[in-house]
$ cat entry-v8.cif   # mmCIF, C-alpha atoms
data_input
loop_
_atom_site.group_PDB
_atom_site.id
_atom_site.type_symbol
_atom_site.label_atom_id
_atom_site.label_comp_id
_atom_site.auth_asym_id
_atom_site.auth_seq_id
_atom_site.Cartn_x
_atom_site.Cartn_y
_atom_site.Cartn_z
ATOM 1 C CA MET A 29 106.370 74.139 79.239
ATOM 2 C CA ALA A 30 108.541 77.146 78.379
ATOM 3 C CA SER A 31 107.623 80.447 80.016
ATOM 4 C CA ALA A 32 106.161 83.348 78.066
ATOM 5 C CA ILE A 33 109.478 85.199 78.111
ATOM 6 C CA ASP A 34 111.424 82.130 76.998
ATOM 7 C CA GLN A 35 109.032 81.695 74.070
ATOM 8 C CA LEU A 36 109.702 85.195 72.743
ATOM 9 C CA ALA A 37 111.749 85.218 69.552
ATOM 10 C CA PRO A 38 115.067 87.106 69.586
ATOM 11 C CA GLY A 39 114.520 90.844 69.296
ATOM 12 C CA SER A 40 110.839 90.678 70.261
ATOM 13 C CA ARG A 41 109.139 93.803 71.543
ATOM 14 C CA VAL A 42 107.832 93.891 75.113
ATOM 15 C CA ALA A 43 105.613 96.737 76.318
ATOM 16 C CA ILE A 44 105.240 97.603 80.004
ATOM 17 C CA ILE A 45 102.371 99.870 81.060
ATOM 18 C CA ARG A 46 103.002 101.980 84.158
ATOM 19 C CA LEU A 47 100.673 104.980 84.403
ATOM 20 C CA ARG A 48 100.661 107.579 87.175
ATOM 21 C CA SER A 49 102.660 108.057 90.381
ATOM 22 C CA MET A 50 106.329 108.982 90.474
ATOM 23 C CA GLY A 51 107.046 106.433 93.192
ATOM 24 C CA ASP A 52 105.378 103.604 91.276
ATOM 25 C CA CYS A 53 107.360 104.500 88.161
ATOM 26 C CA VAL A 54 110.641 104.545 90.084
ATOM 27 C CA LEU A 55 109.896 101.190 91.703
ATOM 28 C CA THR A 56 109.187 99.611 88.308
ATOM 29 C CA THR A 57 112.814 100.057 87.204
ATOM 30 C CA PRO A 58 114.262 97.118 89.204
ATOM 31 C CA ALA A 59 111.893 94.688 87.452
ATOM 32 C CA ILE A 60 112.677 96.198 84.053
ATOM 33 C CA HIS A 61 116.386 95.749 84.758
ATOM 34 C CA LEU A 62 115.860 92.100 85.731
ATOM 35 C CA LEU A 63 113.990 91.477 82.480
ATOM 36 C CA LYS A 64 116.596 93.215 80.322
ATOM 37 C CA ARG A 65 119.467 91.486 82.096
ATOM 38 C CA TYR A 66 117.896 88.068 81.421
ATOM 39 C CA ARG A 67 116.913 88.844 77.816
ATOM 40 C CA PRO A 68 119.130 91.713 76.585
ATOM 41 C CA ASP A 69 117.914 91.093 73.028
ATOM 42 C CA LEU A 70 114.355 92.190 73.814
ATOM 43 C CA LYS A 71 113.172 95.657 72.799
ATOM 44 C CA ILE A 72 111.461 97.139 75.841
ATOM 45 C CA GLY A 73 108.952 99.968 75.587
ATOM 46 C CA VAL A 74 107.345 101.677 78.557
ATOM 47 C CA VAL A 75 103.946 103.336 78.347
ATOM 48 C CA VAL A 76 103.999 106.253 80.798
ATOM 49 C CA ASP A 77 102.245 109.546 81.421
ATOM 50 C CA ASP A 78 104.241 112.479 80.069
ATOM 51 C CA ARG A 79 104.813 114.102 83.476
ATOM 52 C CA PHE A 80 106.650 110.985 84.719
ATOM 53 C CA ARG A 81 108.570 110.028 81.563
ATOM 54 C CA ASP A 82 111.810 111.552 82.917
ATOM 55 C CA VAL A 83 111.939 108.718 85.449
ATOM 56 C CA TYR A 84 112.854 106.476 82.508
ATOM 57 C CA VAL A 85 114.825 108.883 80.285
ATOM 58 C CA GLY A 86 118.438 107.760 79.899
ATOM 59 C CA ASN A 87 117.779 104.257 81.221
ATOM 60 C CA PRO A 88 119.714 101.795 79.008
ATOM 61 C CA ASP A 89 117.240 99.023 79.847
ATOM 62 C CA ILE A 90 114.490 100.862 77.950
ATOM 63 C CA ASP A 91 114.407 101.228 74.168
ATOM 64 C CA VAL A 92 111.411 103.501 73.723
ATOM 65 C CA LEU A 93 108.946 105.557 75.783
ATOM 66 C CA LEU A 94 105.369 105.528 74.551
ATOM 67 C CA ALA A 95 102.526 107.954 75.212
ATOM 68 C CA PRO A 96 99.454 106.385 76.859
ATOM 69 C CA THR A 97 97.097 106.665 73.903
ATOM 70 C CA ARG A 98 94.681 103.916 72.968
ATOM 71 C CA GLY A 99 96.275 102.897 69.674
ATOM 72 C CA VAL A 100 99.939 103.357 70.526
ATOM 73 C CA LEU A 101 100.611 99.684 71.286
ATOM 74 C CA PHE A 102 98.797 98.428 68.200
ATOM 75 C CA ARG A 103 101.132 100.604 66.125
ATOM 76 C CA TRP A 104 104.264 99.555 68.037
ATOM 77 C CA ARG A 105 103.375 95.838 67.712
ATOM 78 C CA PRO A 106 104.717 94.274 70.926
ATOM 79 C CA ARG A 107 104.725 90.508 71.274
ATOM 80 C CA LEU A 108 104.138 90.733 75.053
ATOM 81 C CA VAL A 109 102.322 93.445 77.017
ATOM 82 C CA LEU A 110 102.733 93.553 80.802
ATOM 83 C CA ASN A 111 100.186 95.861 82.415
ATOM 84 C CA LEU A 112 101.424 97.041 85.814
ATOM 85 C CA HIS A 113 98.729 99.664 86.249
ATOM 86 C CA GLY A 114 95.525 97.646 86.216
ATOM 87 C CA GLY A 115 92.896 100.302 85.574
ATOM 88 C CA THR A 116 90.273 100.371 82.842
ATOM 89 C CA ARG A 117 92.265 102.590 80.475
ATOM 90 C CA SER A 118 95.395 100.439 80.689
ATOM 91 C CA ALA A 119 93.307 97.274 80.289
ATOM 92 C CA TRP A 120 91.897 98.540 76.995
ATOM 93 C CA MET A 121 95.365 99.585 75.856
ATOM 94 C CA THR A 122 96.537 96.043 76.587
ATOM 95 C CA ALA A 123 93.635 94.468 74.710
ATOM 96 C CA LEU A 124 93.906 96.747 71.676
ATOM 97 C CA SER A 125 97.627 96.010 71.338
ATOM 98 C CA MET A 126 96.664 92.654 69.769
ATOM 99 C CA ALA A 127 99.800 91.236 71.408
ATOM 100 C CA CYS A 128 100.201 87.491 71.525
ATOM 101 C CA TRP A 129 100.738 87.646 75.298
ATOM 102 C CA ARG A 130 98.699 90.076 77.444
ATOM 103 C CA ALA A 131 99.669 89.873 81.123
ATOM 104 C CA GLY A 132 98.222 91.449 84.245
ATOM 105 C CA PHE A 133 97.704 90.582 87.898
ATOM 106 C CA ALA A 134 94.698 88.394 88.676
ATOM 107 C CA HIS A 135 93.065 91.105 90.804
ATOM 108 C CA PHE A 136 92.969 93.617 87.925
ATOM 109 C CA VAL A 137 89.638 94.647 86.445
ATOM 110 C CA MET A 138 88.455 93.318 83.073
ATOM 111 C CA GLN A 139 90.238 89.961 83.419
ATOM 112 C CA PRO A 140 88.874 88.511 80.138
ATOM 113 C CA LEU A 141 91.119 90.966 78.252
ATOM 114 C CA TYR A 142 94.239 89.170 79.555
ATOM 115 C CA ASN A 143 95.483 85.747 78.542
ATOM 116 C CA LEU A 144 98.243 85.611 81.170
ATOM 117 C CA SER A 145 96.946 86.008 84.720
ATOM 118 C CA ILE A 146 99.644 86.754 87.293
ATOM 119 C CA PRO A 147 98.917 85.447 90.824
ATOM 120 C CA ARG A 148 99.570 87.239 94.097
ATOM 121 C CA ALA A 149 103.174 88.249 94.713
ATOM 122 C CA GLN A 150 103.166 86.198 97.906
ATOM 123 C CA ARG A 151 102.388 83.054 95.943
ATOM 124 C CA ILE A 152 105.137 83.772 93.415
ATOM 125 C CA LEU A 153 107.694 84.593 96.117
ATOM 126 C CA GLY A 154 106.614 81.690 98.323
ATOM 127 C CA GLU A 155 105.837 83.628 101.490
ATOM 128 C CA GLU A 156 102.828 85.275 103.100
ATOM 129 C CA ARG A 157 104.372 88.434 104.549
ATOM 130 C CA THR A 158 103.479 91.896 103.303
ATOM 131 C CA VAL A 159 105.705 92.644 100.315
ATOM 132 C CA HIS A 160 107.324 95.869 99.202
ATOM 133 C CA THR A 161 106.090 97.499 95.994
ATOM 134 C CA ALA A 162 109.402 96.704 94.271
ATOM 135 C CA GLU A 163 108.940 93.036 95.189
ATOM 136 C CA HIS A 164 105.346 93.079 93.963
ATOM 137 C CA VAL A 165 106.400 94.418 90.558
ATOM 138 C CA ALA A 166 109.403 92.091 90.275
ATOM 139 C CA SER A 167 107.202 89.100 91.079
ATOM 140 C CA ALA A 168 105.388 89.714 87.777
ATOM 141 C CA VAL A 169 108.534 89.257 85.685
ATOM 142 C CA PHE A 170 109.517 86.253 87.791
ATOM 143 C CA HIS A 171 106.147 84.675 87.012
ATOM 144 C CA LEU A 172 106.596 85.374 83.302
ATOM 145 C CA GLY A 173 109.934 83.566 83.201
ATOM 146 C CA VAL A 174 112.777 85.710 84.549
ATOM 147 C CA PRO A 175 114.769 83.543 87.002
ATOM 148 C CA ARG A 176 114.168 84.630 90.569
ATOM 149 C CA THR A 177 117.078 86.554 92.034
ATOM 150 C CA GLU A 178 117.799 89.474 94.338
ATOM 151 C CA ILE A 179 115.813 92.566 93.374
ATOM 152 C CA PRO A 180 118.195 95.482 92.759
ATOM 153 C CA ARG A 181 117.887 99.120 93.720
ATOM 154 C CA ALA A 182 115.852 101.386 91.449
ATOM 155 C CA ARG A 183 117.751 102.745 88.436
ATOM 156 C CA LEU A 184 117.493 106.452 87.634
ATOM 157 C CA PHE A 185 119.736 108.545 85.419
ATOM 158 C CA ALA A 186 120.339 112.267 85.970
ATOM 159 C CA GLU A 187 123.359 114.525 86.257
ATOM 160 C CA GLY A 188 124.087 115.969 89.699
ATOM 161 C CA THR A 189 123.247 119.663 89.909
ATOM 162 C CA GLU A 190 126.023 122.270 90.017
ATOM 163 C CA HIS A 191 124.708 124.012 93.123
ATOM 164 C CA GLY A 192 127.964 125.030 94.778
ATOM 165 C CA ALA A 193 127.783 124.823 98.582
ATOM 166 C CA PRO A 194 126.651 121.535 100.167
ATOM 167 C CA TYR A 195 122.897 121.410 100.636
ATOM 168 C CA CYS A 196 120.007 119.369 101.995
ATOM 169 C CA VAL A 197 116.898 118.812 99.883
ATOM 170 C CA ILE A 198 113.670 119.067 101.881
ATOM 171 C CA HIS A 199 110.426 117.863 100.300
ATOM 172 C CA PRO A 200 107.563 119.004 102.560
ATOM 173 C CA GLN A 201 104.587 117.823 100.479
ATOM 174 C CA ALA A 202 102.780 114.555 99.721
ATOM 175 C CA THR A 203 99.711 113.341 97.878
ATOM 176 C CA ALA A 204 97.570 113.030 101.021
ATOM 177 C CA GLN A 205 97.215 115.367 104.005
ATOM 178 C CA GLU A 206 97.760 112.581 106.534
ATOM 179 C CA LYS A 207 101.267 112.052 105.111
ATOM 180 C CA ILE A 208 102.372 115.661 105.588
ATOM 181 C CA TRP A 209 104.537 116.748 108.525
ATOM 182 C CA PRO A 210 103.570 120.279 109.681
ATOM 183 C CA ALA A 211 105.221 123.189 107.846
ATOM 184 C CA GLU A 212 106.395 124.825 111.072
ATOM 185 C CA ARG A 213 108.343 121.700 111.966
ATOM 186 C CA PHE A 214 110.009 121.583 108.567
ATOM 187 C CA LEU A 215 110.972 125.232 109.092
ATOM 188 C CA ALA A 216 112.434 124.518 112.515
ATOM 189 C CA LEU A 217 114.332 121.509 111.150
ATOM 190 C CA ALA A 218 115.693 123.554 108.230
ATOM 191 C CA ALA A 219 117.103 126.144 110.626
ATOM 192 C CA ILE A 220 118.868 123.438 112.667
ATOM 193 C CA ILE A 221 120.274 121.801 109.523
ATOM 194 C CA ARG A 222 121.650 125.169 108.433
ATOM 195 C CA ASP A 223 123.113 126.090 111.835
ATOM 196 C CA GLU A 224 124.309 122.698 113.092
ATOM 197 C CA LEU A 225 125.248 120.792 109.930
ATOM 198 C CA ARG A 226 126.266 123.798 107.812
ATOM 199 C CA LEU A 227 124.109 122.639 104.924
ATOM 200 C CA GLU A 228 121.898 124.990 102.929
ATOM 201 C CA PRO A 229 118.239 123.872 103.107
ATOM 202 C CA VAL A 230 116.619 123.718 99.654
ATOM 203 C CA PHE A 231 112.859 123.171 99.611
ATOM 204 C CA LEU A 232 111.479 121.232 96.647
ATOM 205 C CA GLY A 233 107.825 121.426 95.628
ATOM 206 C CA ALA A 234 105.370 121.287 92.766
ATOM 207 C CA ASN A 235 104.394 124.981 92.788
ATOM 208 C CA ASP A 236 104.885 128.315 94.532
ATOM 209 C CA ALA A 237 101.711 127.939 96.588
ATOM 210 C CA GLU A 238 102.984 124.745 98.194
ATOM 211 C CA LEU A 239 106.307 126.352 99.082
ATOM 212 C CA ALA A 240 104.993 129.721 100.267
ATOM 213 C CA PRO A 241 105.527 128.864 103.976
ATOM 214 C CA PHE A 242 109.227 128.181 103.282
ATOM 215 C CA GLU A 243 110.157 131.292 101.306
ATOM 216 C CA ARG A 244 112.789 132.387 103.847
ATOM 217 C CA PHE A 245 114.909 129.529 102.446
ATOM 218 C CA ARG A 246 115.871 128.674 98.885
ATOM 219 C CA CYS A 247 112.967 127.020 97.062
ATOM 220 C CA LEU A 248 112.679 125.137 93.781
ATOM 221 C CA SER A 249 109.052 124.996 92.670
ATOM 222 C CA GLY A 250 107.490 123.530 89.562
ATOM 223 C CA ALA A 251 110.804 122.373 88.116
ATOM 224 C CA PRO A 252 110.893 119.713 85.381
ATOM 225 C CA LEU A 253 111.212 116.259 86.878
ATOM 226 C CA LYS A 254 114.709 115.754 85.455
ATOM 227 C CA GLN A 255 115.893 118.965 87.159
ATOM 228 C CA ALA A 256 114.372 117.883 90.463
ATOM 229 C CA MET A 257 116.068 114.497 90.127
ATOM 230 C CA SER A 258 119.404 116.214 89.502
ATOM 231 C CA LEU A 259 118.912 118.393 92.580
ATOM 232 C CA ILE A 260 118.252 115.322 94.734
ATOM 233 C CA ARG A 261 121.209 113.430 93.284
ATOM 234 C CA GLY A 262 123.575 116.260 94.206
ATOM 235 C CA ALA A 263 122.296 116.687 97.772
ATOM 236 C CA SER A 264 124.269 115.832 100.895
ATOM 237 C CA LEU A 265 121.046 114.906 102.702
ATOM 238 C CA PHE A 266 117.373 114.380 101.900
ATOM 239 C CA VAL A 267 114.425 114.913 104.241
ATOM 240 C CA GLY A 268 110.808 114.508 103.236
ATOM 241 C CA ASN A 269 107.412 112.946 103.615
ATOM 242 C CA ASP A 270 106.529 109.579 102.101
ATOM 243 C CA SER A 271 106.304 110.622 98.441
ATOM 244 C CA GLY A 272 107.858 110.223 94.996
ATOM 245 C CA PRO A 273 110.995 112.306 95.679
ATOM 246 C CA ALA A 274 111.848 109.979 98.581
ATOM 247 C CA HIS A 275 112.059 107.080 96.120
ATOM 248 C CA VAL A 276 114.265 109.205 93.863
ATOM 249 C CA ALA A 277 116.556 109.859 96.838
ATOM 250 C CA ALA A 278 116.724 106.119 97.557
ATOM 251 C CA ALA A 279 117.590 105.339 93.933
ATOM 252 C CA PHE A 280 120.511 107.782 94.143
ATOM 253 C CA GLU A 281 121.491 106.447 97.598
ATOM 254 C CA ARG A 282 121.073 109.805 99.274
ATOM 255 C CA PRO A 283 121.282 109.619 103.082
ATOM 256 C CA GLY A 284 118.570 111.196 105.173
ATOM 257 C CA VAL A 285 115.133 110.628 106.686
ATOM 258 C CA VAL A 286 111.649 109.853 105.331
ATOM 259 C CA LEU A 287 108.608 110.507 107.538
ATOM 260 C CA PHE A 288 105.722 108.022 107.447
ATOM 261 C CA GLY A 289 102.234 108.622 108.768
ATOM 262 C CA GLY A 290 99.448 107.616 106.407
ATOM 263 C CA SER A 291 100.971 104.682 104.517
ATOM 264 C CA ASP A 292 102.604 101.340 105.259
ATOM 265 C CA PRO A 293 106.414 101.652 105.355
ATOM 266 C CA VAL A 294 106.742 97.923 104.654
ATOM 267 C CA VAL A 295 105.147 98.554 101.257
ATOM 268 C CA TRP A 296 106.561 102.018 100.525
ATOM 269 C CA ALA A 297 109.878 102.316 102.375
ATOM 270 C CA PRO A 298 112.954 103.538 100.469
ATOM 271 C CA TRP A 299 114.058 100.443 98.538
ATOM 272 C CA GLN A 300 117.568 99.068 99.056
ATOM 273 C CA CYS A 301 118.853 102.264 100.689
ATOM 274 C CA PRO A 302 119.549 101.734 104.411
ATOM 275 C CA GLN A 303 121.152 105.164 104.740
ATOM 276 C CA LEU A 304 117.751 106.763 104.033
ATOM 277 C CA ARG A 305 116.158 106.132 107.414
ATOM 278 C CA GLN A 306 112.464 106.020 108.309
ATOM 279 C CA ILE A 307 110.471 107.481 111.176
ATOM 280 C CA VAL A 308 106.954 106.066 111.467
ATOM 281 C CA ARG A 309 104.241 107.697 113.559
ATOM 282 C CA THR A 310 100.466 108.036 113.227
ATOM 283 C CA PRO A 311 99.580 110.814 113.013
ATOM 284 C CA VAL A 312 102.779 111.987 111.382
ATOM 285 C CA ALA A 313 102.362 115.425 113.012
ATOM 286 C CA GLU A 314 103.372 113.866 116.334
ATOM 287 C CA ILE A 315 106.974 113.339 115.205
ATOM 288 C CA PRO A 316 109.109 115.924 117.047
ATOM 289 C CA VAL A 317 111.732 118.009 115.293
ATOM 290 C CA GLU A 318 114.437 116.764 117.649
ATOM 291 C CA GLU A 319 113.806 113.124 116.715
ATOM 292 C CA VAL A 320 114.140 113.887 113.005
ATOM 293 C CA PHE A 321 117.347 115.840 113.497
ATOM 294 C CA GLU A 322 118.886 113.100 115.634
ATOM 295 C CA ALA A 323 118.008 110.582 112.925
ATOM 296 C CA LEU A 324 119.794 112.817 110.405
ATOM 297 C CA ARG A 325 122.986 112.975 112.439
ATOM 298 C CA VAL A 326 123.861 109.321 111.845
ATOM 299 C CA PRO A 327 123.821 109.252 108.010
ATOM 300 C CA PHE A 328 125.371 112.727 107.866
ATOM 301 C CA ALA A 329 128.241 111.704 110.168
ATOM 302 C CA ALA A 330 128.780 108.525 108.127
ATOM 303 C CA ARG A 331 128.897 110.544 104.921
ATOM 304 C CA GLU A 332 131.392 113.019 106.387
ATOM 305 C CA ALA A 333 133.601 110.157 107.608
ATOM 306 C CA ARG A 334 133.776 108.724 104.078
ATOM 307 C CA GLN A 335 134.914 112.026 102.546
#
$ encode --input "entry-v8.cif" --output "structure tokens"
Amino acid sequence: MASAIDQLAPGSRVAIIRLRSMGDCVLTTPAIHLLKRYRPDLKIGVVVDDRFRDVYVGNPDIDVLLAPTRGVLFRWRPRLVLNLHGGTRSAWMTALSMACWRAGFAHFVMQPLYNLSIPRAQRILGEERTVHTAEHVASAVFHLGVPRTEIPRARLFAEGTEHGAPYCVIHPQATAQEKIWPAERFLALAAIIRDELRLEPVFLGANDAELAPFERFRCLSGAPLKQAMSLIRGASLFVGNDSGPAHVAAAFERPGVVLFGGSDPVVWAPWQCPQLRQIVRTPVAEIPVEEVFEALRVPFAAREARQ
């Protein structure tokens, strides 16, 4: 029997729901690219919260960005809806779309609202190891009919910032306290980066309160997501906690270090970016400054050798 994707008529509309989380949005883009590459005729719409829509702006794989309102999909009339979020709100959005195909993972709530149940990623991929988030998302499109192939790096689109002198972006925040390296260690690392690597440290954060401990250095707080993405793309190095900006850095192949404490690096490591190294320690506060700086030397030296 033909797969759901193979049964779609030429030019059919496909809606993908991905609410919340910058990192989750970034790691959805490889699967979207696989789908578009297999069926370039399809019109792909992504339902996304407004604060994360810039993750998808400029992406040629995506035809339209849709606000996450209850009736938006009914009005857009997709033939297939793939819900990658799984919560109650997204389940109702899927159901009210009246799409012919309504797909979601089998562990999602409100299963009767779906008529395509997607099994565990391990079953689709044929192995029982822990899978990365990018693999988990890609397994959904494989199950729906996209031929299985290598999963590419995330695809983001932003112009590099015109900052002038070479710089290192430092992102000292995260969504959970157990993921956050102490501020005094970020400060000590920033001073070494400035003095030893001759890079200007630039701290990136959501608001002034978060960046108050780092005010002796240049700070960018509360910037639009597209501006923050541009800043990361233009950086010589990136250093940060396990968080959304780390996935942006990986998408732009920025060298550097990501610090892991409260989450599984197998699931959340920078995807397809070996030059963005990982240091894992629980609690994360136990990671010494010297270890982080030594980890930075390798990708920085490699970058300098290429220039």
$ atom_distance --input "entry-v8.cif" --atom1 "CA of Leu253 (chain A)" --atom2 "CA of Arg79 (chain A)"
7.6 Å
$ residues_around --input "entry-v8.cif" --residues "Leu184 (chain A)" --least-positions-apart "2" --cutoff "8 Å" --atoms "only C-alpha atoms" --output "list in words"
Val54, Thr57, Val83, Tyr84, Gly86, Asn87, Ala182, Ala186, Val276, Ala279 and Phe280 of chain A
$ atom_distance --input "entry-v8.cif" --atom1 "CA of Pro106 (chain A)" --atom2 "CA of Ser40 (chain A)"
7.1 Å
$ resolve_selection --input "entry-v8.cif" --expression "the PyMOL selection byres ((chain A and resi 200) around 10)" --output "VMD selection string"
chain A and resid 197 to 199 201 to 202 207 to 211 213 to 215 231 to 233 238 to 239 242 267 to 271 287
$ atom_distance --input "entry-v8.cif" --atom1 "CA of Val230 (chain A)" --atom2 "CA of Cys301 (chain A)"
21.6 Å
$ closest_residue --input "entry-v8.cif" --among "A:Val100, A:Ala216, A:Val76, A:Ala30" --to "Met50 (chain A)" --atoms "all atoms listed in the file"
A:Val76
$ closest_residue --input "entry-v8.cif" --among "A:Arg105, A:His61, A:Arg226, A:Arg157" --to "Ala43 (chain A)" --atoms "only C-alpha atoms"
A:Arg105
$ residues_around --input "entry-v8.cif" --residues "Gln303 (chain A)" --least-positions-apart "2" --cutoff "7 Å" --atoms "only C-alpha atoms" --output "list of chain:residue names"
A:Pro283, A:Gly284, A:Cys301, A:Arg305, A:Pro327
$ resolve_selection --input "entry-v8.cif" --expression "the PyMOL selection byres ((chain A and resi 300) around 10)" --output "PyMOL selection string"
chain A and resi 162+179-182+278-279+281+297-299+301-304
$ resolve_selection --input "entry-v8.cif" --expression "the PyMOL selection byres ((chain A and resi 126-140) around 8)" --output "list in words"
Ala32, Phe102, Arg105, Pro106, Arg107, Leu108, Val109, Leu110, Asn111, Leu112, Gly114, Gly115, Thr116, Ala119, Thr122, Ala123, Leu124, Ser125, Leu141, Tyr142, Asn143, Leu144, Ser145, Ile146, Pro147, Arg148 and Ala168 of chain A
$ closest_residue --input "entry-v8.cif" --among "A:Trp104, A:Phe321, A:Val312, A:Arg334" --to "Asp223 (chain A)" --atoms "all atoms listed in the file"
A:Phe321
$ closest_residue --input "entry-v8.cif" --among "A:Ala193, A:Glu228, A:Arg183, A:Ser258" --to "Arg246 (chain A)" --atoms "only C-alpha atoms"
A:Glu228
$ build_atoms --input "entry-v8.cif" --residues "region 166-188 of chain A" --atoms "N, CA and C atoms" --output "PDB file, in the frame of the given file"
ATOM      1  N   ALA A 166     108.432  93.096  90.738  1.00  0.00           N
ATOM      2  CA  ALA A 166     109.403  92.091  90.275  1.00  0.00           C
ATOM      3  C   ALA A 166     108.783  90.703  90.213  1.00  0.00           C
ATOM      4  N   SER A 167     107.823  90.425  91.099  1.00  0.00           N
ATOM      5  CA  SER A 167     107.202  89.100  91.079  1.00  0.00           C
ATOM      6  C   SER A 167     106.520  88.839  89.739  1.00  0.00           C
ATOM      7  N   ALA A 168     106.038  89.890  89.080  1.00  0.00           N
ATOM      8  CA  ALA A 168     105.388  89.714  87.777  1.00  0.00           C
ATOM      9  C   ALA A 168     106.368  89.184  86.743  1.00  0.00           C
ATOM     10  N   VAL A 169     107.573  89.752  86.684  1.00  0.00           N
ATOM     11  CA  VAL A 169     108.534  89.257  85.685  1.00  0.00           C
ATOM     12  C   VAL A 169     109.072  87.888  86.074  1.00  0.00           C
ATOM     13  N   PHE A 170     109.132  87.607  87.382  1.00  0.00           N
ATOM     14  CA  PHE A 170     109.517  86.253  87.791  1.00  0.00           C
ATOM     15  C   PHE A 170     108.476  85.249  87.290  1.00  0.00           C
ATOM     16  N   HIS A 171     107.213  85.578  87.444  1.00  0.00           N
ATOM     17  CA  HIS A 171     106.147  84.675  87.012  1.00  0.00           C
ATOM     18  C   HIS A 171     106.189  84.452  85.501  1.00  0.00           C
ATOM     19  N   LEU A 172     106.577  85.481  84.761  1.00  0.00           N
ATOM     20  CA  LEU A 172     106.596  85.374  83.302  1.00  0.00           C
ATOM     21  C   LEU A 172     107.838  84.660  82.775  1.00  0.00           C
ATOM     22  N   GLY A 173     108.809  84.372  83.655  1.00  0.00           N
ATOM     23  CA  GLY A 173     109.934  83.566  83.201  1.00  0.00           C
ATOM     24  C   GLY A 173     111.324  84.044  83.568  1.00  0.00           C
ATOM     25  N   VAL A 174     111.457  85.255  84.103  1.00  0.00           N
ATOM     26  CA  VAL A 174     112.777  85.710  84.549  1.00  0.00           C
ATOM     27  C   VAL A 174     113.173  84.910  85.788  1.00  0.00           C
ATOM     28  N   PRO A 175     114.356  84.312  85.820  1.00  0.00           N
ATOM     29  CA  PRO A 175     114.769  83.543  87.002  1.00  0.00           C
ATOM     30  C   PRO A 175     114.757  84.420  88.254  1.00  0.00           C
ATOM     31  N   ARG A 176     114.250  83.864  89.328  1.00  0.00           N
ATOM     32  CA  ARG A 176     114.168  84.630  90.569  1.00  0.00           C
ATOM     33  C   ARG A 176     115.556  84.888  91.120  1.00  0.00           C
ATOM     34  N   THR A 177     115.795  86.142  91.489  1.00  0.00           N
ATOM     35  CA  THR A 177     117.078  86.554  92.034  1.00  0.00           C
ATOM     36  C   THR A 177     116.864  87.764  92.924  1.00  0.00           C
ATOM     37  N   GLU A 178     117.926  88.283  93.497  1.00  0.00           N
ATOM     38  CA  GLU A 178     117.799  89.474  94.338  1.00  0.00           C
ATOM     39  C   GLU A 178     117.294  90.644  93.495  1.00  0.00           C
ATOM     40  N   ILE A 179     116.399  91.427  94.081  1.00  0.00           N
ATOM     41  CA  ILE A 179     115.813  92.566  93.374  1.00  0.00           C
ATOM     42  C   ILE A 179     116.693  93.787  93.619  1.00  0.00           C
ATOM     43  N   PRO A 180     117.229  94.391  92.573  1.00  0.00           N
ATOM     44  CA  PRO A 180     118.195  95.482  92.759  1.00  0.00           C
ATOM     45  C   PRO A 180     117.536  96.795  93.155  1.00  0.00           C
ATOM     46  N   ARG A 181     118.358  97.761  93.446  1.00  0.00           N
ATOM     47  CA  ARG A 181     117.887  99.120  93.720  1.00  0.00           C
ATOM     48  C   ARG A 181     117.294  99.713  92.445  1.00  0.00           C
ATOM     49  N   ALA A 182     116.414 100.691  92.603  1.00  0.00           N
ATOM     50  CA  ALA A 182     115.852 101.386  91.449  1.00  0.00           C
ATOM     51  C   ALA A 182     116.963 102.059  90.650  1.00  0.00           C
ATOM     52  N   ARG A 183     116.751 102.189  89.344  1.00  0.00           N
ATOM     53  CA  ARG A 183     117.751 102.745  88.436  1.00  0.00           C
ATOM     54  C   ARG A 183     117.217 104.032  87.817  1.00  0.00           C
ATOM     55  N   LEU A 184     117.816 105.149  88.214  1.00  0.00           N
ATOM     56  CA  LEU A 184     117.493 106.452  87.634  1.00  0.00           C
ATOM     57  C   LEU A 184     118.765 107.060  87.069  1.00  0.00           C
ATOM     58  N   PHE A 185     118.588 107.954  86.098  1.00  0.00           N
ATOM     59  CA  PHE A 185     119.736 108.545  85.419  1.00  0.00           C
ATOM     60  C   PHE A 185     119.524 110.049  85.309  1.00  0.00           C
ATOM     61  N   ALA A 186     120.381 110.803  86.009  1.00  0.00           N
ATOM     62  CA  ALA A 186     120.339 112.267  85.970  1.00  0.00           C
ATOM     63  C   ALA A 186     121.695 112.785  86.418  1.00  0.00           C
ATOM     64  N   GLU A 187     122.112 113.890  85.845  1.00  0.00           N
ATOM     65  CA  GLU A 187     123.359 114.525  86.257  1.00  0.00           C
ATOM     66  C   GLU A 187     123.149 115.255  87.576  1.00  0.00           C
ATOM     67  N   GLY A 188     124.157 115.203  88.458  1.00  0.00           N
ATOM     68  CA  GLY A 188     124.087 115.969  89.699  1.00  0.00           C
ATOM     69  C   GLY A 188     124.110 117.461  89.404  1.00  0.00           C
TER      70      GLY A 188
END
